[in-house]
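Just query00.cif here, mmCIF, C-alpha atoms and all ligand atoms:
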```cif
data_structure
loop_
_atom_site.label_atom_id
_atom_site.label_comp_id
_atom_site.auth_asym_id
_atom_site.auth_seq_id
_atom_site.Cartn_x
_atom_site.Cartn_y
_atom_site.Cartn_z
CA MET A 1 -3.30 14.12 18.49
CA ILE A 2 -0.87 11.31 17.64
CA PRO A 3 2.83 11.50 16.71
CA VAL A 4 3.83 11.25 13.05
CA SER A 5 5.55 7.89 13.66
CA GLN A 6 2.35 6.43 15.10
CA ALA A 7 0.26 7.75 12.21
CA ILE A 8 2.72 6.11 9.78
CA GLU A 9 2.40 2.83 11.68
CA ILE A 10 -1.42 2.97 11.59
CA VAL A 11 -1.46 3.63 7.85
CA LYS A 12 0.94 0.72 7.33
CA GLN A 13 -1.11 -1.65 9.41
CA ASN A 14 -4.37 -0.80 7.68
CA THR A 15 -3.17 -0.78 4.09
CA PRO A 16 -3.70 -4.12 2.36
CA ARG A 17 -1.93 -5.42 -0.75
CA LEU A 18 -3.74 -5.43 -4.04
CA LYS A 19 -3.64 -8.42 -6.37
CA THR A 20 -0.96 -8.84 -9.00
CA GLU A 21 -1.16 -8.67 -12.77
CA THR A 22 1.10 -8.98 -15.77
CA ALA A 23 2.58 -5.86 -17.36
CA ALA A 24 4.30 -5.77 -20.72
CA LEU A 25 7.95 -4.71 -20.45
CA GLU A 26 7.37 -1.37 -22.17
CA PHE A 27 4.72 -0.46 -19.58
CA ALA A 28 6.56 -1.79 -16.55
CA CYS A 29 8.45 1.35 -15.54
CA GLN A 30 7.34 2.61 -12.09
CA ARG A 31 5.48 -0.64 -11.46
CA ILE A 32 6.37 -2.78 -8.45
CA LEU A 33 7.82 -6.23 -9.04
CA ALA A 34 5.74 -9.12 -7.73
CA GLN A 35 8.31 -11.71 -8.79
CA PRO A 36 12.07 -12.11 -8.51
CA ILE A 37 14.04 -11.35 -11.67
CA ILE A 38 16.67 -13.95 -12.45
CA ALA A 39 19.38 -14.10 -15.11
CA ASP A 40 18.29 -16.82 -17.55
CA MET A 41 21.79 -16.96 -19.07
CA ASP A 42 25.35 -15.83 -18.44
CA MET A 43 26.05 -12.23 -19.38
CA PRO A 44 27.89 -11.89 -21.62
CA PRO A 45 26.73 -15.26 -22.97
CA PHE A 46 30.12 -15.81 -24.67
CA ASN A 47 33.63 -14.40 -24.41
CA ARG A 48 33.03 -11.08 -26.12
CA SER A 49 35.31 -8.66 -27.89
CA GLN A 50 35.11 -5.07 -26.69
CA MET A 51 36.95 -3.67 -29.70
CA ASP A 52 37.26 -3.86 -33.46
CA GLY A 53 40.64 -5.45 -34.16
CA TYR A 54 42.28 -8.90 -34.22
CA ALA A 55 41.79 -11.89 -31.96
CA VAL A 56 45.22 -13.28 -31.20
CA LYS A 57 47.16 -15.45 -28.83
CA ALA A 58 48.70 -12.93 -26.42
CA SER A 59 51.91 -14.99 -26.38
CA ASP A 60 52.26 -14.53 -30.16
CA THR A 61 52.47 -10.74 -29.74
CA LYS A 62 55.10 -10.65 -27.01
CA ASN A 63 57.84 -9.52 -29.37
CA ALA A 64 55.69 -7.00 -31.26
CA PRO A 65 55.81 -5.86 -33.96
CA VAL A 66 54.83 -9.30 -35.27
CA ARG A 67 53.18 -10.65 -38.40
CA LEU A 68 50.27 -13.09 -38.04
CA ARG A 69 48.30 -14.99 -40.66
CA ILE A 70 44.61 -13.97 -40.92
CA VAL A 71 42.58 -17.18 -40.88
CA GLY A 72 39.03 -15.86 -40.55
CA GLU A 73 36.60 -13.24 -39.35
CA SER A 74 34.27 -13.04 -36.35
CA SER A 75 31.58 -10.37 -36.46
CA ALA A 76 28.67 -9.74 -34.10
CA GLY A 77 26.07 -12.44 -34.73
CA LYS A 78 28.39 -14.37 -37.05
CA SER A 79 31.26 -15.97 -35.21
CA TRP A 80 34.22 -17.91 -36.57
CA SER A 81 33.96 -21.55 -35.66
CA GLY A 82 37.57 -22.64 -36.03
CA LYS A 83 40.32 -22.86 -33.44
CA LEU A 84 43.11 -20.31 -33.52
CA LYS A 85 46.60 -21.81 -33.80
CA VAL A 86 50.02 -20.36 -33.08
CA GLY A 87 50.91 -17.57 -35.52
CA GLU A 88 47.30 -16.91 -36.51
CA ALA A 89 44.86 -14.04 -36.08
CA VAL A 90 41.13 -13.60 -36.68
CA ARG A 91 39.64 -10.28 -37.72
CA ILE A 92 37.09 -9.42 -35.01
CA MET A 93 34.43 -6.75 -34.42
CA THR A 94 33.02 -5.22 -31.25
CA GLY A 95 30.38 -7.50 -29.74
CA ALA A 96 31.60 -10.59 -31.60
CA ALA A 97 32.51 -13.90 -29.97
CA LEU A 98 36.17 -14.58 -29.31
CA PRO A 99 37.34 -17.63 -31.29
CA GLU A 100 38.56 -20.67 -29.41
CA GLY A 101 42.29 -20.55 -28.88
CA ALA A 102 42.48 -16.73 -28.79
CA SER A 103 43.39 -15.03 -25.52
CA ALA A 104 43.34 -11.31 -26.40
CA VAL A 105 42.03 -8.75 -28.87
CA GLN A 106 44.42 -6.15 -30.23
CA LYS A 107 42.66 -3.00 -31.40
CA LEU A 108 42.58 -2.08 -35.07
CA GLU A 109 44.42 1.22 -34.47
CA VAL A 110 47.71 -0.55 -33.67
CA THR A 111 47.60 -3.01 -36.57
CA SER A 112 47.95 -2.99 -40.32
CA GLU A 113 46.41 -5.55 -42.65
CA ASN A 114 48.41 -6.61 -45.65
CA GLY A 115 47.00 -9.33 -47.86
CA GLU A 116 46.58 -12.49 -45.85
CA PHE A 117 48.71 -11.14 -43.00
CA VAL A 118 48.27 -8.58 -40.28
CA GLU A 119 51.07 -6.64 -38.62
CA ILE A 120 50.51 -6.20 -34.87
CA PHE A 121 52.56 -3.23 -33.65
CA GLU A 122 51.94 -3.53 -29.91
CA SER A 123 51.90 -6.59 -27.72
CA ALA A 124 48.59 -7.57 -26.19
CA ASN A 125 48.13 -8.80 -22.63
CA LYS A 126 46.14 -11.93 -21.91
CA GLY A 127 42.43 -11.01 -21.59
CA GLN A 128 42.92 -7.59 -23.14
CA ASN A 129 39.68 -6.14 -24.65
CA ILE A 130 37.71 -9.26 -23.75
CA ILE A 131 34.76 -9.56 -21.39
CA SER A 132 34.60 -13.19 -20.43
CA LYS A 133 31.41 -15.25 -20.38
CA GLY A 134 29.39 -14.61 -17.23
CA ALA A 135 31.69 -11.81 -16.01
CA GLU A 136 28.78 -9.36 -15.59
CA ILE A 137 26.33 -11.86 -14.14
CA GLU A 138 26.04 -15.64 -14.06
CA GLN A 139 23.00 -17.64 -15.09
CA GLY A 140 20.59 -18.27 -12.21
CA LYS A 141 21.65 -15.24 -10.15
CA LEU A 142 19.01 -12.95 -8.62
CA ILE A 143 19.03 -9.51 -10.25
CA PHE A 144 16.01 -7.78 -8.65
CA SER A 145 13.70 -8.91 -5.86
CA ALA A 146 9.92 -8.78 -5.60
CA GLY A 147 8.93 -5.46 -4.03
CA GLU A 148 11.42 -3.35 -5.97
CA ILE A 149 10.12 -0.43 -8.03
CA VAL A 150 11.04 -0.76 -11.68
CA ASN A 151 12.99 2.24 -12.91
CA ALA A 152 14.40 3.14 -16.31
CA SER A 153 17.85 1.75 -15.55
CA MET A 154 16.37 -1.70 -14.79
CA ILE A 155 14.64 -2.08 -18.16
CA ALA A 156 17.79 -3.27 -19.96
CA SER A 157 18.19 -6.18 -17.54
CA LEU A 158 14.52 -7.13 -17.80
CA ALA A 159 14.79 -7.08 -21.58
CA ALA A 160 18.13 -8.89 -21.81
CA PHE A 161 16.93 -11.76 -19.64
CA GLY A 162 13.72 -12.25 -21.58
CA TYR A 163 11.12 -10.64 -19.34
CA ALA A 164 8.71 -9.52 -22.07
CA ASN A 165 5.95 -9.74 -19.45
CA ILE A 166 6.44 -9.16 -15.77
CA LEU A 167 4.31 -9.91 -12.73
CA VAL A 168 3.66 -6.62 -10.88
CA GLY A 169 1.34 -5.26 -8.20
CA MET A 170 -1.95 -3.87 -9.52
CA ARG A 171 -2.20 -0.09 -9.68
CA PRO A 172 -4.53 1.36 -7.06
CA LYS A 173 -7.57 3.26 -8.31
CA VAL A 174 -7.49 6.65 -6.65
CA ALA A 175 -10.24 9.27 -6.67
CA VAL A 176 -9.30 12.85 -5.81
CA LEU A 177 -12.04 15.09 -4.49
CA SER A 178 -11.57 18.68 -3.34
CA THR A 179 -14.19 20.28 -1.15
CA GLY A 180 -14.91 23.90 -0.24
CA ASN A 181 -17.52 26.56 -1.06
CA GLU A 182 -14.77 28.95 -2.16
CA ILE A 183 -13.05 26.58 -4.62
CA VAL A 184 -13.57 27.05 -8.35
CA ASN A 185 -12.22 25.21 -11.37
CA VAL A 186 -8.83 26.17 -12.79
CA ASN A 187 -10.39 27.48 -15.99
CA GLN A 188 -12.65 29.90 -14.10
CA LEU A 189 -11.90 33.46 -13.01
CA PRO A 190 -12.47 33.43 -9.24
CA LEU A 191 -14.73 36.06 -7.64
CA PRO A 192 -13.00 38.18 -4.96
CA ASP A 193 -13.67 35.59 -2.25
CA GLN A 194 -12.95 32.50 -4.30
CA ILE A 195 -9.77 30.59 -5.15
CA ARG A 196 -8.87 28.18 -7.91
CA ASN A 197 -8.60 24.49 -7.19
CA SER A 198 -4.90 23.77 -7.02
CA ASN A 199 -5.19 20.66 -4.87
CA THR A 200 -6.95 18.32 -7.30
CA PRO A 201 -4.44 18.66 -10.16
CA THR A 202 -1.50 18.56 -7.73
CA LEU A 203 -2.62 15.45 -5.89
CA ARG A 204 -3.50 13.79 -9.14
CA VAL A 205 0.04 14.19 -10.41
CA TYR A 206 1.58 13.04 -7.13
CA ALA A 207 -0.68 9.97 -6.99
CA GLU A 208 0.21 9.11 -10.57
CA GLN A 209 3.90 9.41 -9.73
CA TYR A 210 3.40 6.63 -7.22
CA GLY A 211 1.59 4.35 -9.63
CA ALA A 212 -2.08 5.19 -9.10
CA ILE A 213 -4.77 5.32 -11.77
CA VAL A 214 -6.42 8.59 -10.86
CA GLU A 215 -9.85 10.04 -11.39
CA SER A 216 -10.30 13.74 -10.60
CA LEU A 217 -13.82 14.38 -9.36
CA PRO A 218 -15.77 17.64 -9.53
CA ILE A 219 -15.46 20.08 -6.60
CA ILE A 220 -17.99 19.65 -3.78
CA GLY A 221 -19.29 22.51 -1.62
CA ASP A 222 -19.36 22.49 2.19
CA GLU A 223 -22.76 20.87 2.50
CA LEU A 224 -23.20 17.69 4.53
CA GLY A 225 -25.74 15.93 2.31
CA GLN A 226 -23.69 16.50 -0.83
CA LEU A 227 -20.46 15.52 0.86
CA LYS A 228 -21.92 12.25 2.06
CA GLU A 229 -23.38 11.40 -1.30
CA HIS A 230 -20.21 12.14 -3.24
CA ILE A 231 -17.86 10.51 -0.75
CA LYS A 232 -19.95 7.36 -0.83
CA GLU A 233 -20.07 7.31 -4.60
CA ALA A 234 -16.35 8.02 -4.99
CA ALA A 235 -15.37 5.42 -2.39
CA ALA A 236 -17.47 2.75 -4.10
CA LYS A 237 -15.34 2.95 -7.24
CA SER A 238 -11.87 3.41 -5.83
CA ASP A 239 -9.27 1.70 -3.66
CA VAL A 240 -8.21 5.03 -2.19
CA LEU A 241 -10.16 8.27 -1.87
CA VAL A 242 -8.13 11.43 -1.34
CA LEU A 243 -10.22 14.33 -0.08
CA THR A 244 -9.04 17.83 0.68
CA GLY A 245 -10.60 20.58 2.74
CA GLY A 246 -13.08 20.70 5.55
CA VAL A 247 -11.13 18.62 8.08
CA SER A 248 -10.46 21.41 10.57
CA VAL A 249 -12.73 22.64 13.36
CA GLY A 250 -14.62 25.46 11.59
CA LYS A 251 -18.37 25.64 11.21
CA TYR A 252 -18.13 24.47 7.59
CA ASP A 253 -15.56 21.74 8.17
CA LEU A 254 -17.90 18.84 7.59
CA THR A 255 -15.74 16.09 6.09
CA LYS A 256 -15.27 14.21 9.35
CA LEU A 257 -18.95 14.43 10.18
CA ALA A 258 -19.83 13.12 6.71
CA LEU A 259 -17.42 10.18 7.16
CA ASN A 260 -18.87 9.41 10.57
CA GLU A 261 -22.43 9.52 9.34
CA LEU A 262 -21.51 7.19 6.48
CA GLY A 263 -20.25 4.72 9.06
CA ALA A 264 -16.59 4.93 8.10
CA THR A 265 -13.97 3.59 10.50
CA ILE A 266 -11.84 6.54 11.57
CA TYR A 267 -8.28 5.52 12.44
CA PHE A 268 -6.98 8.96 13.35
CA GLU A 269 -7.96 12.56 12.80
CA LYS A 270 -5.19 14.70 14.20
CA ILE A 271 -1.41 14.40 13.88
CA ALA A 272 1.29 16.23 15.83
CA LEU A 273 2.58 17.65 12.56
CA ARG A 274 3.22 21.09 11.12
CA PRO A 275 1.97 21.68 8.50
CA GLY A 276 -0.90 19.22 8.41
CA LYS A 277 -2.30 18.76 11.88
CA PRO A 278 -5.89 17.96 10.92
CA MET A 279 -5.81 14.87 8.74
CA VAL A 280 -8.26 12.03 8.77
CA PHE A 281 -7.36 8.48 7.88
CA ALA A 282 -10.42 6.28 7.59
CA ARG A 283 -11.88 3.28 5.80
CA LEU A 284 -15.30 2.93 4.24
CA HIS A 285 -15.98 -0.69 3.29
CA ASN A 286 -12.74 -1.59 1.46
CA THR A 287 -11.74 1.93 0.48
CA LEU A 288 -9.01 3.78 2.32
CA ILE A 289 -9.85 7.44 2.81
CA PHE A 290 -7.31 10.18 3.37
CA ALA A 291 -8.99 13.49 4.15
CA LEU A 292 -6.16 15.99 3.86
CA PRO A 293 -6.12 19.62 4.99
CA GLY A 294 -7.17 22.12 2.31
CA ASN A 295 -4.07 24.25 2.54
CA PRO A 296 -2.05 23.31 -0.54
CA VAL A 297 1.28 22.78 1.26
CA SER A 298 -0.34 20.81 4.09
CA ALA A 299 -2.12 18.69 1.51
CA VAL A 300 1.16 17.84 -0.25
CA VAL A 301 3.13 17.22 2.96
CA THR A 302 0.46 14.88 4.32
CA PHE A 303 0.20 13.20 0.93
CA LEU A 304 3.95 12.54 0.89
CA LEU A 305 4.09 11.34 4.48
CA PHE A 306 1.04 9.08 4.45
CA VAL A 307 -0.77 8.62 1.12
CA ARG A 308 2.39 7.97 -0.88
CA MET A 309 3.40 5.19 1.47
CA SER A 310 -0.03 3.62 1.34
CA LEU A 311 -0.09 3.66 -2.48
CA LEU A 312 3.29 1.93 -2.59
CA GLN A 313 2.25 -0.68 -0.03
CA LEU A 314 -0.96 -1.43 -1.96
CA GLN A 315 1.26 -2.34 -4.91
CA GLY A 316 3.54 -4.51 -2.79
CA ALA A 317 6.59 -2.24 -2.50
CA SER A 318 9.11 -3.38 0.09
CA ASP A 319 10.66 0.02 0.76
CA ILE A 320 7.94 2.59 1.36
CA LYS A 321 9.86 5.09 3.46
CA LEU A 322 10.70 8.52 2.10
CA LYS A 323 14.43 8.80 1.44
CA SER A 324 15.99 10.61 4.36
CA GLY A 325 19.33 12.19 5.05
CA ALA A 326 21.04 14.90 7.03
CA ALA A 327 22.03 18.45 6.15
CA VAL A 328 23.53 21.49 7.81
CA LEU A 329 20.86 24.10 8.45
CA ALA A 330 21.69 27.48 6.93
CA LYS A 331 19.32 29.37 9.27
CA THR A 332 18.04 28.76 12.76
CA LEU A 333 14.62 27.10 12.79
CA LYS A 334 12.34 27.04 15.77
CA GLY A 335 10.10 24.02 16.10
CA ALA A 336 6.45 24.09 17.08
CA ARG A 337 5.09 23.32 20.50
CA GLU A 338 3.93 19.71 20.64
CA ARG A 339 4.17 19.18 16.89
CA ASP A 340 7.02 18.00 14.67
CA SER A 341 7.66 20.45 11.85
CA TYR A 342 8.38 19.33 8.28
CA LEU A 343 9.48 22.54 6.62
CA PRO A 344 10.51 23.07 2.99
CA VAL A 345 14.20 23.67 2.30
CA ARG A 346 16.37 24.11 -0.71
CA LEU A 347 19.47 21.93 -0.85
CA SER A 348 22.91 22.84 -2.09
CA ILE A 349 26.34 21.30 -1.81
CA GLU A 350 29.32 23.28 -0.56
CA ASP A 351 32.92 22.81 -1.68
CA ASP A 352 33.62 20.38 1.14
CA ALA A 353 30.77 18.18 -0.15
CA GLN A 354 28.57 19.14 2.78
CA LEU A 355 24.83 19.21 2.11
CA ILE A 356 23.30 22.55 3.13
CA ALA A 357 19.57 23.04 3.81
CA GLU A 358 18.36 26.57 3.21
CA PRO A 359 14.91 27.17 4.72
CA PHE A 360 12.51 29.47 2.88
CA LYS A 361 11.18 32.70 4.10
CA TRP A 362 7.75 31.29 3.62
CA GLY A 363 4.23 32.31 4.41
CA GLY A 364 3.10 29.07 6.02
CA SER A 365 1.03 26.18 4.85
CA SER A 366 -0.75 28.11 2.12
CA ASP A 367 2.49 29.25 0.47
CA PHE A 368 2.61 26.86 -2.47
CA VAL A 369 4.66 29.32 -4.51
CA SER A 370 7.65 29.00 -2.15
CA PHE A 371 7.04 25.30 -1.73
CA ALA A 372 7.52 24.75 -5.45
CA LYS A 373 11.23 25.53 -5.01
CA ALA A 374 11.77 23.01 -2.23
CA ASP A 375 14.05 19.96 -2.63
CA ALA A 376 13.42 18.47 0.78
CA LEU A 377 11.62 18.90 4.09
CA VAL A 378 13.70 19.51 7.17
CA ILE A 379 12.40 17.90 10.34
CA ILE A 380 12.40 20.04 13.45
CA PRO A 381 11.18 17.91 16.37
CA GLN A 382 8.55 19.42 18.67
CA ASN A 383 9.70 21.90 21.30
CA THR A 384 13.14 22.08 19.68
CA THR A 385 15.18 24.78 18.03
CA ILE A 386 17.93 23.81 15.62
CA VAL A 387 20.42 26.62 15.23
CA ALA A 388 22.21 27.60 12.05
CA GLY A 389 25.26 25.41 11.40
CA LYS A 390 23.84 22.36 13.15
CA ILE A 391 22.83 19.15 11.43
CA ALA A 392 19.14 18.40 10.91
CA LYS A 393 17.33 15.40 9.49
CA ILE A 394 15.75 15.87 6.09
CA VAL A 395 13.44 13.88 3.85
CA PHE A 396 13.89 14.27 0.11
CA LEU A 397 10.95 15.33 -2.04
P1 LIG W 401 -9.85 24.02 4.81
O1 LIG W 401 -8.99 22.81 5.05
O2 LIG W 401 -11.11 23.71 4.11
O3 LIG W 401 -10.05 24.75 6.10
O4 LIG W 401 -9.03 24.96 3.88
C1 LIG W 401 -7.82 25.54 4.31
C2 LIG W 401 -7.31 26.52 3.28
O5 LIG W 401 -6.98 25.84 2.10
C3 LIG W 401 -8.32 27.58 2.88
O6 LIG W 401 -7.66 28.80 2.72
C4 LIG W 401 -8.85 27.07 1.57
O7 LIG W 401 -9.34 28.09 0.77
C5 LIG W 401 -7.65 26.40 0.98
N1 LIG W 401 -8.05 25.33 0.08
C6 LIG W 401 -8.95 24.38 0.36
N2 LIG W 401 -9.12 23.57 -0.68
C7 LIG W 401 -8.32 24.01 -1.66
C8 LIG W 401 -8.07 23.59 -3.00
N3 LIG W 401 -8.68 22.54 -3.53
N4 LIG W 401 -7.18 24.29 -3.72
C9 LIG W 401 -6.54 25.34 -3.19
N5 LIG W 401 -6.73 25.77 -1.93
C10 LIG W 401 -7.62 25.14 -1.17
MG MG W 402 -12.86 24.81 3.86
#
```

As C-alpha cells - that is how I would like this structure written.
Amino acid sequence: MIPVSQAIEIVKQNTPRLKTETAALEFACQRILAQPIIADMDMPPFNRSQMDGYAVKASDTKNAPVRLRIVGESSAGKSWSGKLKVGEAVRIMTGAALPEGASAVQKLEVTSENGEFVEIFESANKGQNIISKGAEIEQGKLIFSAGEIVNASMIASLAAFGYANILVGMRPKVAVLSTGNEIVNVNQLPLPDQIRNSNTPTLRVYAEQYGAIVESLPIIGDELGQLKEHIKEAAAKSDVLVLTGGVSVGKYDLTKLALNELGATIYFEKIALRPGKPMVFARLHNTLIFALPGNPVSAVVTFLLFVRMSLLQLQGASDIKLKSGAAVLAKTLKGARERDSYLPVRLSIEDDAQLIAEPFKWGGSSDFVSFAKADALVIIPQNTTIVAGKIAKIVFL
C-alpha cells in the first residue's frame, strides 16, 4: 500500500506527452495550449471612444456651457482624418477612433446639436471617455502560456489577436470498460442480483470533461480469458484504458491477474486511500491502464485523483493538480487507520465569508446518490480525527 502522494508521483512520472495538432478557434475550448499566445497589435489599436458624443479639446470646455463648431464625424470603422483645432468638435460614436487633436469625449446626453454647432453643457476632463491605444495590452506582450487550458473567457483574446488556428495537445483516446458478472446495461431491467452499469457512462463524461475522446466498450464478465482478450484489444486502440471492477481480493477479482498474464507493467495496485484502496496503475505496450474499484464513488474519486491528472498531462497541461482549499468542518470526521480519507462534502459560505464543509451522512463508497450532491472532498489524514469547527483541507470537484 502506497500513500496518495506517492501514487500521484508515479502516475506523473509514467505519463508521457502526446503530440500536438492544430485546432480551429471554435473547437479550441477545453484544449491545452501548445504555444504561447501573444498580442499581435496594441489593444485598443487606436485611441477609442467609449461613448456616443463629441470629441473635443478638454480645455475648450472648461467654461461650460460652451458652443463648438462641428467639423466632422467619426464612427466605428470610419474615422475622421482631420485634426481638431481650438473651438471645434467632432461627432463621435462608441468604438470610433478619436481624431487627432481631441483630448476628451463628452457624452451625447450633456450636449445639444444646433445646425453646425454643438452646445456642451458640462466640462470634460482630459482623457474622459477615451481608452488610449495599448491601454489594455501592448503589442508583443504574452497573454497566455503553453500548458494553459483554454476556457470560454479566453476565446475573445484568441480571436482578437488573430488565432484562427491554435497549436494544442492532442486529445487522448480513452476506452472505458466495466467488468463484473452482475453488471447489466442501463437500458436493461436488472434481475434481483444484478445492477445497472453506472460506471461506464459516468467515467465517460468525466474523461470527456478533461479532453479525452472516449469509447465506451461493452461490459465484460468476471472470466479471465475474456478479460485478457478484451483488455488487450481495448489497449491496442487507446492511449488510456480505464477499467472498473474486479481489482479487489475476491475470488472473482481477476483484473490484476489478467493484466499480469498479458505482461503489463504494474506500477502500483493498492493506495492508502479511502474510498479507493484497490486501484491498479499499469502499462501495456504504450497504453496506460487505470483499473479502478467497481464501487461507483471509489471509481470517481480515484478517477479524479489519478486519471484526470494523467489525461491533462498527456495533453501538455502545466497545472494538473486538483484545486484545493480549506474549510471549516461542520461535523467531526474520524479518519481511517492507515489510509487518508477523501470524503464528499457540501460547501456553503457563512456571513463572515467563511467556507463551511458539511459532510454527508453517507453509506460509503457505493453511495453515489449522496455523492451527487458533493461540491468537494474533505481530506482527513490517516489516524486523525478532525473535530467540528476546525479547519480541514478540501479539494474541489
Ligand atoms: P468490485 O470492484 O468488482 O468488487 O465491485 C465493487 C462494487 O461495485 C460491487 O458492489 C459492484 O456490484 C459495484 N460495481 C462494479 N462495477 C460497477 C459498475 N460498472 N456500475 C455500478 N456498480 C458497479
Ligand atoms: Mg466485481

One decimal, Å: what's the distance from atom CA of Ile213 of chain A over to atom CA of Arg171 of chain A, could you say?
->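 Interatomic distance here is 6.3 Å.
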
Selection within 10 Å of ligand MG 402 (chain W) by only C-alpha atoms and all ligand atoms, output as a PyMOL selection string = chain A and resi 178-183+221-222+244-255+293-295

Phe368 of chain A surroundings by all atoms listed in the file, 9 Å radius, close-in-sequence under 4 positions cut, as a ChimeraX atom specification = /A:295-297,363-364,372

Mind giving me the straight-line distance from atom CA of Gly95 of chain A to atom CA of Gly53 of chain A in Å, one decimal?
->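 Computing the Euclidean distance for atom CA of Gly95 of chain A and atom CA of Gly53 of chain A yields 11.4 Å.
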
In Å to one decimal, how far is atom CA of Pro16 of chain A from atom CA of Gln313 of chain A?
->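 If I compute the distance from atom CA of Gln313 of chain A to atom CA of Pro16 of chain A, I get 7.3 Å.
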
Listed atoms of ligand LIG 401 (chain W) boxed along x, y and z, 4 Å each side, centre and edge lengths in Å, one decimal, as JSON:
```
{"center_x": -8.8, "center_y": 25.7, "center_z": 1.2, "size_x": 12.6, "size_y": 14.3, "size_z": 17.8}
```

Applying 7 Å and only C-alpha atoms, which residues near Asn165 of chain A remain after dropping the ones on its own chain fewer than 2 positions away? List them as a PDB file with C-alpha atoms, keeping the file's coordinate frame.
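Just written: part.pdb:
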```pdb
ATOM      1  CA  THR A  22       1.100  -8.980 -15.770  1.00  0.00           C
ATOM      2  CA  ALA A  23       2.580  -5.860 -17.360  1.00  0.00           C
ATOM      3  CA  ALA A  24       4.300  -5.770 -20.720  1.00  0.00           C
ATOM      4  CA  LEU A  25       7.950  -4.710 -20.450  1.00  0.00           C
ATOM      5  CA  TYR A 163      11.120 -10.640 -19.340  1.00  0.00           C
ATOM      6  CA  LEU A 167       4.310  -9.910 -12.730  1.00  0.00           C
TER       7      LEU A 167
END
```

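Comparing the minimum interatomic distances between ligand LIG 401 (chain W) and each of A:Leu262, A:Leu217, A:Ala353, A:Ala76, counting all atoms listed in the file, we find that A:Leu217 sits nearest.
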
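Among the candidates A:Pro278, A:Gly389, A:Pro359, A:Pro344, the one nearest to ligand LIG 401 (chain W) when counting all atoms listed in the file is A:Pro278.
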
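Non-sequential neighbours of segment 229-239 of chain A (distance at most 9 Å, separation of 3 or more positions within a chain, all atoms listed in the file) are A:Pro172, A:Lys173, A:Val174, A:Ala175, A:Val176, A:Leu177, A:Glu215, A:Leu217, A:Ile220, A:Leu224, A:Gly225, A:Gln226, A:Leu243, A:Ala258, A:Leu259, A:Leu262, A:Leu284, A:His285, A:Asn286, A:Thr287, A:Leu288, A:Ile289.
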
Which one of A:Asn185, A:Gln315, A:Thr385, A:Ser324 sits closest to ligand LIG 401 (chain W) if you count only C-alpha atoms and all ligand atoms?
->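 Looking at the shortest contact to ligand LIG 401 (chain W), the residue is A:Asn185.
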
Pick the closest to Gln209 of chain A from A:Arg346, A:Arg308, A:Lys228, A:Lys12: which is it, counting all atoms listed in the file?
->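 Nearest candidate to Gln209 of chain A out of A:Arg346, A:Arg308, A:Lys228, A:Lys12: A:Arg308.
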
Residue with smallest distance to Leu142 of chain A - pool A:Glu100, A:Asp367, A:Asp40, A:Asp352, counting only C-alpha atoms =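 Among the listed residues, the smallest separation from Leu142 of chain A belongs to A:Asp40.
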